[in-house]
$ cat data.txt   # compact mmCIF, C-alpha atoms
# COMPACT_ATOMS: atom_id res chain seq x y z
CA MET A 257 9.95 5.84 14.74
CA LYS A 258 11.30 3.75 11.90
CA LEU A 259 14.77 2.23 11.98
CA ILE A 260 16.29 2.73 8.52
CA ASN A 261 19.86 1.61 9.15
CA ARG A 262 22.02 0.61 12.10
CA TYR A 263 25.65 -0.33 12.45
CA ILE A 264 27.17 -0.39 15.95
CA ASP A 265 30.22 -2.54 16.65
CA LYS A 266 31.11 -4.20 19.95
CA HIS A 267 33.03 -1.10 21.05
CA GLY A 268 29.97 1.16 20.58
CA THR A 269 31.31 2.85 17.46
CA GLY A 270 28.93 3.28 14.54
CA HIS A 271 25.83 5.06 13.36
CA VAL A 272 22.04 4.78 13.38
CA THR A 273 19.61 6.20 10.82
CA LEU A 274 16.08 6.89 12.09
CA ARG A 275 12.90 8.32 10.58
CA PRO A 276 10.76 10.26 13.10
CA GLU A 277 7.00 10.22 12.64
CA ASP A 278 5.44 12.06 15.57
CA ASP A 279 6.08 14.31 18.57
CA GLU A 280 7.23 11.43 20.74
CA ASP A 281 9.84 10.49 18.12
CA MET A 282 11.13 14.07 18.20
CA TRP A 283 11.47 13.72 21.98
CA HIS A 284 13.45 10.49 21.53
CA LEU A 285 15.81 12.21 19.08
CA TYR A 286 16.25 15.10 21.51
CA ASN A 287 17.40 12.59 24.12
CA LEU A 288 19.67 10.78 21.65
CA ILE A 289 21.51 13.70 20.03
CA GLN A 290 24.24 15.26 22.16
CA GLN A 291 26.90 17.93 21.83
CA GLY A 292 29.78 16.62 19.71
CA ASP A 293 27.70 14.04 17.83
CA SER A 294 27.64 13.97 14.03
CA VAL A 295 24.13 14.40 12.58
CA ARG A 296 23.14 14.20 8.91
CA ALA A 297 19.64 15.30 7.84
CA PRO A 298 17.85 17.16 5.02
CA ALA A 299 18.04 20.96 5.08
CA ILE A 300 16.81 23.89 3.02
CA ARG A 301 19.36 26.59 2.27
CA ARG A 302 18.86 29.90 0.47
CA VAL A 303 21.46 30.20 -2.30
CA GLN A 304 22.35 33.33 -4.28
CA THR A 305 23.69 33.13 -7.84
CA VAL A 306 25.13 35.94 -9.96
CA SER A 307 24.41 35.88 -13.70
CA ALA A 308 26.75 37.03 -16.50
CA THR A 309 24.95 40.39 -16.56
CA GLY A 310 25.63 40.91 -12.84
CA SER A 311 22.05 40.39 -11.64
CA THR A 312 21.59 38.37 -8.45
CA GLU A 313 19.04 35.61 -8.05
CA SER A 314 18.08 33.90 -4.84
CA HIS A 315 16.49 30.48 -4.61
CA ARG A 316 16.03 27.74 -2.03
CA VAL A 317 17.88 24.44 -2.38
CA ARG A 318 17.11 21.20 -0.52
CA LEU A 319 20.25 19.31 0.41
CA ASN A 320 21.66 16.91 2.99
CA LEU A 321 24.00 18.43 5.56
CA THR A 322 26.25 16.82 8.17
CA LEU A 323 26.87 18.83 11.34
CA GLU A 324 29.03 18.47 14.41
CA VAL A 325 26.39 19.24 17.03
CA GLN A 326 26.85 22.19 19.37
CA LYS A 327 23.27 22.75 20.54
CA VAL A 328 19.98 20.82 20.47
CA GLU A 329 16.64 22.52 21.14
CA PHE A 330 13.26 20.82 21.57
CA LEU A 331 10.04 22.86 21.46
CA ALA A 332 6.93 21.04 22.59
CA SER A 333 3.51 21.72 21.08
CA ALA A 334 1.84 24.85 22.37
CA SER A 335 -1.22 23.98 24.39
CA GLY A 336 -4.53 25.61 23.77
CA SER A 337 -6.38 28.10 25.89
CA GLY A 338 -9.83 29.49 25.91
CA GLY A 339 -11.92 28.40 22.95
CA GLN A 340 -9.10 28.32 20.43
CA ASP A 341 -8.25 25.12 18.62
CA THR A 342 -4.54 24.48 18.95
CA SER A 343 -4.63 20.75 18.10
CA ALA A 344 -1.39 20.00 19.94
CA ASP A 345 -2.53 16.38 20.09
CA ARG A 346 -2.11 15.85 16.39
CA SER A 347 0.90 13.61 16.52
CA LEU A 348 -0.70 11.27 19.02
CA SER A 349 -4.02 10.94 17.23
CA GLY A 350 -2.90 10.42 13.66
CA VAL A 351 -2.42 14.00 12.45
CA PRO A 352 1.05 15.46 11.62
CA THR A 353 3.52 16.38 14.32
CA THR A 354 3.58 19.82 15.94
CA ALA A 355 6.70 19.58 18.15
CA SER A 356 9.94 20.88 16.66
CA LEU A 357 13.57 19.87 17.02
CA HIS A 358 16.46 22.15 16.03
CA VAL A 359 20.07 20.94 15.81
CA THR A 360 22.79 23.60 15.51
CA GLY A 361 26.44 23.04 14.66
CA ARG A 362 29.29 23.39 12.17
CA VAL A 363 29.08 21.77 8.73
CA THR A 364 31.62 18.92 8.51
CA SER A 365 31.02 17.54 4.99
CA GLU A 366 31.85 19.11 1.64
CA ASN A 367 28.89 20.71 -0.11
CA PRO A 368 28.68 22.94 -3.21
CA HIS A 369 26.21 25.29 -1.49
CA VAL A 370 27.57 25.47 2.09
CA LYS A 371 31.13 26.20 3.17
CA LEU A 372 32.94 23.68 5.34
CA GLY A 373 32.88 24.89 8.96
CA ALA A 374 29.90 27.20 8.44
CA PHE A 375 27.24 27.27 11.15
CA HIS A 376 23.81 25.88 10.27
CA THR A 377 20.65 24.84 12.09
CA LEU A 378 18.88 21.67 10.97
CA ASP A 379 15.12 21.74 11.48
CA ILE A 380 14.36 18.06 11.93
CA GLU A 381 11.19 17.16 10.01
CA PRO A 382 8.84 14.20 10.37
CA ASN A 383 9.26 11.40 7.82
CA ARG A 384 12.79 12.60 6.95
CA ASP A 385 15.79 10.39 7.73
CA VAL A 386 18.24 11.45 10.44
CA ARG A 387 21.67 9.78 10.68
CA ILE A 388 23.38 9.95 14.09
CA GLU A 389 26.97 9.07 14.87
CA LYS A 390 27.92 9.34 18.55
CA ALA A 391 31.12 11.20 19.41
CA ASP A 392 31.81 9.02 22.46
CA GLY A 393 30.22 5.83 21.12
CA TRP A 394 26.82 4.30 21.72
CA ASP A 395 26.39 3.48 25.41
CA SER A 396 23.67 1.23 26.84
CA ILE A 397 21.30 4.13 27.57
CA ALA A 398 21.47 5.44 23.97
CA VAL A 399 21.02 1.95 22.48
CA GLY A 400 18.11 1.32 24.86
CA ARG A 401 16.49 4.57 23.79
CA VAL A 402 16.69 3.51 20.12
CA GLU A 403 15.21 0.07 20.91
CA GLU A 404 12.36 1.69 22.83
CA ALA A 405 11.66 4.28 20.13
CA ILE A 406 11.27 1.77 17.28
CA ILE A 407 8.72 -0.47 19.02
CA PRO A 408 5.67 -0.53 16.71
CA GLY A 409 2.17 0.36 17.87
CA ARG A 410 3.15 3.11 20.28
CA GLY A 411 0.97 6.17 20.77
CA ALA A 412 -1.42 7.65 23.27
CA GLU A 413 -2.94 5.07 25.62
CA VAL A 414 -4.79 7.33 28.04
CA GLY A 415 -6.97 10.35 27.45
CA ALA A 416 -7.77 12.61 30.37
CA VAL A 417 -10.11 15.52 30.92
CA VAL A 418 -9.17 17.45 34.07
CA CYS A 419 -12.18 19.61 34.97
CA GLY A 420 -13.08 22.41 37.26
CA GLU A 421 -16.25 24.50 37.33
CA GLY A 422 -16.09 26.21 33.92
CA THR A 423 -12.59 24.94 33.04
CA ALA A 424 -11.22 21.80 31.40
CA ALA A 425 -7.84 20.61 30.12
CA PHE A 426 -7.73 17.80 27.54
CA CYS A 427 -4.63 15.62 27.78
CA LEU A 428 -3.14 12.63 25.99
CA LEU A 429 -0.63 10.38 27.74
CA SER A 430 1.80 8.15 25.87
CA GLU A 431 4.85 6.26 27.12
CA HIS A 432 7.08 9.34 27.18
CA MET A 433 4.89 12.42 26.85
CA THR A 434 1.93 14.19 28.36
CA VAL A 435 0.41 16.45 25.72
CA VAL A 436 -2.10 19.10 26.77
CA SER A 437 -4.03 19.18 23.53
CA HIS A 438 -6.62 21.81 24.39
CA ARG A 439 -8.00 23.98 27.19
CA ILE A 440 -11.37 25.63 27.63
CA SER A 441 -12.55 28.26 30.06
CA VAL A 442 -16.21 29.29 30.20
CA SER A 443 -17.52 31.94 32.58
CA ILE A 444 -20.33 30.61 34.78
CA PRO A 445 -22.26 33.31 36.72
CA ARG A 446 -22.86 32.60 40.38
CA LYS A 447 -26.36 32.14 41.68
CA SER A 448 -27.73 35.37 43.14
CA ALA A 449 -31.04 36.74 44.35
CA SER A 450 -31.18 39.30 41.52
CA SER A 451 -30.49 37.01 38.56
CA GLY A 452 -31.79 33.79 40.09
CA ALA A 453 -30.60 30.39 38.99
CA SER A 454 -31.34 30.90 35.27
CA GLN A 455 -28.04 32.65 34.37
CA HIS A 456 -26.06 30.07 36.34
CA GLU A 457 -27.82 27.19 34.55
CA LYS A 458 -27.24 28.82 31.15
CA GLY A 459 -23.55 29.16 31.95
CA LEU A 460 -23.33 25.50 32.94
CA GLN A 461 -25.07 24.39 29.73
CA ARG A 462 -22.68 26.52 27.68
CA PHE A 463 -19.72 24.93 29.51
CA TYR A 464 -21.00 21.37 28.98
CA SER A 465 -21.72 22.01 25.30
CA THR A 466 -18.24 23.48 24.71
CA LEU A 467 -16.65 20.58 26.59
CA PHE A 468 -18.56 18.00 24.52
CA ASP A 469 -17.45 19.57 21.22
CA SER A 470 -13.84 19.76 22.43
CA PHE A 471 -13.97 16.16 23.65
CA ILE A 472 -15.01 14.96 20.18
CA ARG A 473 -12.21 16.92 18.49
CA HIS A 474 -9.34 16.32 20.92
CA ILE A 475 -9.85 12.91 22.52
CA PRO A 476 -9.39 9.98 20.06
CA TYR A 477 -11.77 7.79 22.10
CA ALA A 478 -11.81 4.89 19.63
CA SER A 479 -8.07 4.11 19.99
CA LEU A 480 -7.53 4.80 23.71
CA LYS A 481 -7.40 2.14 26.41
CA VAL A 482 -8.75 4.39 29.15
CA ILE A 483 -10.46 7.80 29.30
CA VAL A 484 -10.22 9.57 32.64
CA ILE A 485 -12.54 12.35 33.75
CA ALA A 486 -10.99 13.90 36.84
CA SER A 487 -12.09 16.80 39.02
CA PRO A 488 -12.55 18.00 42.56
CA GLY A 489 -16.11 17.86 43.85
CA TRP A 490 -19.11 16.99 41.70
CA VAL A 491 -17.97 18.25 38.30
CA ARG A 492 -16.74 14.90 36.89
CA ASP A 493 -20.11 13.21 37.49
CA ALA A 494 -22.04 16.05 35.85
CA VAL A 495 -19.66 16.09 32.87
CA PHE A 496 -19.91 12.32 32.37
CA ASP A 497 -23.72 12.39 32.58
CA TYR A 498 -23.87 15.19 30.00
CA LEU A 499 -21.53 13.33 27.62
CA ILE A 500 -23.66 10.18 27.85
CA VAL A 501 -26.93 12.03 27.31
CA GLU A 502 -25.59 14.15 24.42
CA ALA A 503 -24.01 11.13 22.68
CA GLY A 504 -27.37 9.33 22.89
CA ARG A 505 -29.26 12.39 21.65
CA ARG A 506 -26.97 12.63 18.62
CA GLY A 507 -27.19 8.91 17.94
CA ASP A 508 -23.41 8.42 18.21
CA LYS A 509 -23.26 4.73 19.18
CA ALA A 510 -19.46 4.49 18.97
CA LEU A 511 -19.04 7.37 21.42
CA SER A 512 -21.72 5.98 23.77
CA ARG A 513 -19.97 2.60 23.83
CA ALA A 514 -16.56 4.16 24.44
CA LEU A 515 -17.90 6.30 27.29
CA ARG A 516 -19.53 3.32 29.01
CA GLU A 517 -16.58 0.94 28.54
CA LYS A 518 -13.52 3.18 28.92
CA VAL A 519 -14.35 6.12 31.18
CA LEU A 520 -13.08 6.22 34.74
CA LYS A 521 -14.18 9.03 37.06
CA VAL A 522 -11.38 9.98 39.46
CA HIS A 523 -11.29 12.49 42.31
CA VAL A 524 -8.36 14.93 42.34
CA ASN A 525 -7.59 17.81 44.69
CA SER A 526 -7.34 20.52 42.02
CA ALA A 527 -8.40 21.18 38.43
CA HIS A 528 -4.78 21.72 37.36
CA VAL A 529 -2.93 19.45 34.91
CA HIS A 530 -0.44 18.58 37.69
CA SER A 531 -3.27 16.52 39.17
CA LEU A 532 -2.51 13.87 36.54
CA VAL A 533 0.04 12.49 39.01
CA GLU A 534 -2.86 11.77 41.37
CA VAL A 535 -4.80 10.23 38.50
CA LEU A 536 -2.03 7.80 37.54
CA LYS A 537 -1.61 6.46 41.07
CA SER A 538 -5.34 6.01 41.72
CA PRO A 539 -6.30 2.31 42.11
CA GLU A 540 -8.92 2.52 39.33
CA VAL A 541 -6.34 3.63 36.77
CA THR A 542 -3.37 1.54 37.90
CA SER A 543 -5.42 -1.67 37.75
CA GLN A 544 -6.01 -1.09 34.03
CA LEU A 545 -2.61 0.37 33.17
CA LYS A 546 -0.27 -1.65 35.38
CA GLU A 547 1.75 -2.81 32.34
CA THR A 548 2.47 0.67 30.97
CA LYS A 549 5.74 2.48 31.64
CA PHE A 550 4.32 5.79 32.88
CA ALA A 551 1.87 4.13 35.28
CA ARG A 552 4.72 2.11 36.79
CA GLU A 553 6.75 5.30 37.18
CA GLY A 554 3.86 7.07 38.91
CA MET A 555 3.36 4.19 41.35
CA MET A 556 7.05 3.93 42.24
CA LEU A 557 7.40 7.69 42.74
CA ASP A 558 4.40 7.60 45.08
CA LYS A 559 5.97 4.66 46.93
CA PHE A 560 9.22 6.62 47.28
CA PHE A 561 7.50 9.69 48.76
CA LYS A 562 5.56 7.54 51.23
CA MET A 563 8.77 5.76 52.23
CA LEU A 564 10.51 9.13 52.62
CA GLY A 565 7.95 9.96 55.30
CA ASN A 566 7.67 6.54 56.99
CA ASP A 567 10.99 4.75 56.40
CA GLU A 568 13.52 7.41 55.40
CA MET A 569 16.54 5.12 55.77
CA ARG A 570 15.34 3.23 52.69
CA ALA A 571 14.50 6.33 50.61
CA TRP A 572 17.57 8.22 49.39
CA TYR A 573 17.86 10.99 46.81
CA GLY A 574 20.51 13.26 45.34
CA PRO A 575 23.48 12.18 43.16
CA ASP A 576 26.03 11.84 45.99
CA HIS A 577 23.80 9.86 48.33
CA VAL A 578 22.46 7.57 45.60
CA HIS A 579 26.03 6.77 44.45
CA LEU A 580 26.97 5.94 48.06
CA ALA A 581 23.99 3.57 48.30
CA ALA A 582 24.92 1.97 44.96
CA ASP A 583 28.51 1.38 46.16
CA ARG A 584 27.05 -0.67 49.02
CA GLY A 585 24.76 -2.69 46.73
CA ALA A 586 21.71 -1.36 48.56
CA ILE A 587 19.56 -0.07 45.67
CA GLY A 588 16.49 -2.10 44.77
CA THR A 589 14.86 0.50 42.50
CA LEU A 590 16.56 3.49 40.90
CA LEU A 591 14.40 6.45 39.82
CA ILE A 592 16.34 8.65 37.41
CA SER A 593 15.28 11.47 35.08
CA ASP A 594 16.19 11.42 31.39
CA ASN A 595 17.25 15.03 31.98
CA LEU A 596 20.48 13.80 33.61
CA PHE A 597 21.53 11.89 30.49
CA ARG A 598 21.38 15.11 28.44
CA SER A 599 24.34 16.55 30.32
CA SER A 600 26.74 18.45 28.06
CA ASP A 601 29.60 16.98 30.11
CA PRO A 602 30.45 13.49 28.70
CA ALA A 603 32.06 12.47 32.00
CA MET A 604 28.85 13.30 33.90
CA ARG A 605 26.71 11.30 31.48
CA LYS A 606 29.15 8.38 31.66
CA LYS A 607 28.90 8.47 35.46
CA TYR A 608 25.10 8.04 35.34
CA VAL A 609 25.30 5.38 32.60
CA GLU A 610 27.73 3.34 34.74
CA LEU A 611 25.40 3.76 37.74
CA VAL A 612 22.45 2.40 35.76
CA GLU A 613 24.47 -0.51 34.38
CA SER A 614 25.83 -1.47 37.82
CA ILE A 615 22.34 -1.53 39.37
CA ARG A 616 20.94 -3.61 36.51
CA HIS A 617 23.91 -5.98 36.78
CA ARG A 618 23.05 -6.57 40.44
CA GLY A 619 19.43 -7.33 39.57
CA GLY A 620 17.96 -3.96 40.58
CA GLU A 621 15.19 -2.17 38.72
CA VAL A 622 15.90 1.07 36.86
CA LEU A 623 13.09 3.46 35.87
CA ILE A 624 14.12 6.28 33.53
CA PHE A 625 11.49 9.01 33.96
CA SER A 626 10.48 11.23 31.06
CA SER A 627 10.70 14.97 31.78
CA MET A 628 7.63 15.38 29.58
CA HIS A 629 5.46 13.61 32.18
CA GLU A 630 4.29 15.19 35.43
CA SER A 631 6.02 12.42 37.41
CA GLY A 632 9.33 13.21 35.67
CA GLN A 633 8.96 16.89 36.48
CA GLN A 634 8.35 16.03 40.14
CA LEU A 635 11.49 13.90 40.17
CA ASN A 636 13.47 16.75 38.57
CA GLN A 637 12.47 18.97 41.49
CA LEU A 638 14.02 16.30 43.74
CA THR A 639 17.47 16.52 42.02
CA GLY A 640 16.40 14.14 39.23
CA ILE A 641 17.62 10.98 40.97
CA ALA A 642 16.28 8.89 43.86
CA ALA A 643 16.48 5.32 45.07
CA ILE A 644 14.42 2.84 47.07
CA LEU A 645 16.85 0.67 49.06
CA THR A 646 16.52 -3.04 49.74
CA PHE A 647 17.75 -2.55 53.31
CA PRO A 648 17.96 0.55 55.56
CA LEU A 649 21.09 2.70 55.63
CA ASP A 650 21.74 5.69 57.86
CA VAL A 651 23.01 8.60 55.75
CA GLU A 652 25.07 10.06 58.59
CA VAL A 653 26.76 6.71 59.34
CA VAL A 654 27.58 6.14 55.66
CA GLU A 655 28.99 9.66 55.26
CA ALA A 656 31.12 9.15 58.38
CA GLU A 657 32.46 5.88 56.93
CA GLU A 658 33.33 7.69 53.69
CA ARG A 659 35.21 10.41 55.60
CA MET A 660 37.18 7.80 57.57
CA THR A 661 38.08 5.98 54.35
CA GLU A 662 39.25 9.21 52.73
CA GLU A 663 41.34 10.10 55.79
CA GLU A 664 42.94 6.63 55.79
CA GLU A 665 43.74 6.94 52.08
CA ARG A 666 45.29 10.39 52.63
CA GLY A 667 47.33 9.06 55.54
CA THR A 668 48.59 6.12 53.48
CA GLN A 669 49.47 8.43 50.60
CA GLU A 670 51.37 10.82 52.88
CA THR A 671 53.27 7.91 54.43
CA GLU A 672 54.29 6.63 51.01
CA GLU A 673 55.42 10.12 49.93
CA LEU A 674 57.55 10.49 53.09
CA ALA A 675 59.11 7.07 52.51
CA GLU A 676 60.01 8.03 48.95
CA THR A 677 61.64 11.34 49.98
CA SER A 678 63.65 9.69 52.74
$ encode --input "data.txt" --output "structure tokens"
Amino acid sequence: MKLINRYIDKHGTGHVTLRPEDDEDMWHLYNLIQQGDSVRAPAIRRVQTVSATGSTESHRVRLNLTLEVQKVEFLASASGSGGQDTSADRSLSGVPTTASLHVTGRVTSENPHVKLGAFHTLDIEPNRDVRIEKADGWDSIAVGRVEEAIIPGRGAEVGAVVCGEGTAAFCLLSEHMTVVSHRISVSIPRKSASSGASQHEKGLQRFYSTLFDSFIRHIPYASLKVIVIASPGWVRDAVFDYLIVEAGRRGDKALSRALREKVLKVHVNSAHVHSLVEVLKSPEVTSQLKETKFAREGMMLDKFFKMLGNDEMRAWYGPDHVHLAADRGAIGTLLISDNLFRSSDPAMRKKYVELVESIRHRGGEVLIFSSMHESGQQLNQLTGIAAILTFPLDVEVVEAEERMTEEEERGTQETEELAETS
């Protein structure tokens, strides 16, 4: 993402102009633009003109429109299946973006081709400037999102091939997204007395050959830090051995070097993409990716789940309970989904922003999970918010204290009202 222009005063009022370049930038914009915001971006509108003879002509006009946002829709890249090439990894490996972002609202600026107040949908395009003015001002979360989005040199850091017998999913992991770039499924006949082992071996060779070709096309091995081959059972070892042998047979020295230097073979319990959570918390991967955001998130989520089983008084989740823990200054690490900051209710968003700011002010750590990662989706299933406490608190005791405080406040209020009436 390129920052074209920014003006935000000390009260949070102002605007930011950004230029998205890839799928991850579209995801950042989706998290930045909210209902009520003012967004200005290029649009194409079909315009009809009537000539002096009464004939009607229709032509498309490119213009800049400013909308008051009512709805924002993000569509991720479709992932491939079978032997089809979907190339959903394009944005993360140097090819144009495939995700789409649609912003719908009423036109708020005068335009010769569009009536004021008319509804329009802006299709946000890569390498086109987008100007955003926040209805309720730029809070710390929105400003932080902009700062994070414009850091140069972002992109996919990890490539992963999650394999089963005859199946493979090719994934690219960046700071905020997990993109399933391609899938293959090859039928492998079982060994039987009638057909013998020959049909089974032919099926395996066909699977390995298809996987090799897909690996070359969908895993940008030259630019990645780590390439993970994950599977249950023996499949990952057989796949790695085939890749090494085939790269040597073809004389591809760059691929051979990348395979030997970057590949990690990791055991997972299933050949499903959800197994990437297991991959990210494996010691082999975390040792090489300990500085990256998504690896840190995976480790802390794993720590939370373990604590939930072994030390539940220090593992709290749910909005109400986490706010109670924050009021007592007990939160050491807050785990919160970016999904919560997309609330259409400004008061609800403000509540979570204030929670984050208060924890940071007290020296706590805040991890904002991306819903486009498996770890973020797991957190969303757990209400989207959780906390690891610095000291144990009993939920029942804290709730009882809250009830007593509320009763005391009600009693005081009733006493004051009686005194006023008398």
$ residues_around --input "data.txt" --residues "range 296-309 of chain A" --least-positions-apart "3" --cutoff "8 Å" --atoms "only C-alpha atoms" --output "ChimeraX atom specification"
/A:312-323,369,378-380,384-388
$ closest_residue --input "data.txt" --among "A:Pro648, A:Gly393, A:Gly422, A:Gly415" --to "Pro476 in chain A" --atoms "all atoms listed in the file"
A:Gly415
$ closest_atom_pairs --input "data.txt" --of "range 522-605 of chain A" --to "range 481-497 of chain A" --cutoff "10 Å" --atoms "only C-alpha atoms" --output "CSV"
residue,atom,partner,partner_atom,distance
A:Val522,CA,A:Ala486,CA,4.7
A:His523,CA,A:Ser487,CA,5.5
A:Val524,CA,A:Pro488,CA,5.2
A:Asn525,CA,A:Pro488,CA,5.4
A:Ser526,CA,A:Pro488,CA,5.8
A:Ala527,CA,A:Ser487,CA,5.8
A:His528,CA,A:Ser487,CA,9.0
A:Val529,CA,A:Ala486,CA,10.0
A:Ser531,CA,A:Ala486,CA,8.5
A:Leu532,CA,A:Ala486,CA,8.5
A:Glu534,CA,A:Ala486,CA,9.5
A:Val535,CA,A:Ala486,CA,7.4
A:Leu536,CA,A:Val484,CA,9.7
A:Glu540,CA,A:Val484,CA,9.8
A:Val541,CA,A:Val482,CA,8.0
A:Gln544,CA,A:Val482,CA,7.8
A:Leu545,CA,A:Val482,CA,8.4
$ residues_around --input "data.txt" --residues "range 454-460 of chain A" --least-positions-apart "5" --cutoff "9 Å" --atoms "all atoms listed in the file" --output "ChimeraX atom specification"
/A:421-422,442-448,465
$ atom_distance --input "data.txt" --atom1 "CA of Gln637 in chain A" --atom2 "CA of Leu564 in chain A"
15.0 Å
$ closest_residue --input "data.txt" --among "A:Ser396, A:Thr377, A:Thr273, A:Gln291" --to "Glu610 in chain A" --atoms "all atoms listed in the file"
A:Ser396
$ residues_around --input "data.txt" --residues "Thr423 in chain A" --least-positions-apart "5" --cutoff "9 Å" --atoms "all atoms listed in the file" --output "short mmCIF file (atom, residue, chain, number, x, y, z; two decimals) with C-alpha atoms, keeping the file's coordinate frame"
data_model
loop_
_atom_site.label_atom_id
_atom_site.label_comp_id
_atom_site.auth_asym_id
_atom_site.auth_seq_id
_atom_site.Cartn_x
_atom_site.Cartn_y
_atom_site.Cartn_z
CA GLY A 338 -9.83 29.49 25.91
CA VAL A 418 -9.17 17.45 34.07
CA ARG A 439 -8.00 23.98 27.19
CA ILE A 440 -11.37 25.63 27.63
CA SER A 441 -12.55 28.26 30.06
CA VAL A 442 -16.21 29.29 30.20
CA SER A 443 -17.52 31.94 32.58
CA PHE A 463 -19.72 24.93 29.51
CA LEU A 467 -16.65 20.58 26.59
CA ALA A 527 -8.40 21.18 38.43
#
$ atom_distance --input "data.txt" --atom1 "CA of Ala391 in chain A" --atom2 "CA of Asp293 in chain A"
4.7 Å
$ residues_around --input "data.txt" --residues "Asp558 in chain A" --least-positions-apart "4" --cutoff "9 Å" --atoms "all atoms listed in the file" --output "ChimeraX atom specification"
/A:533,537,553-554,562-563
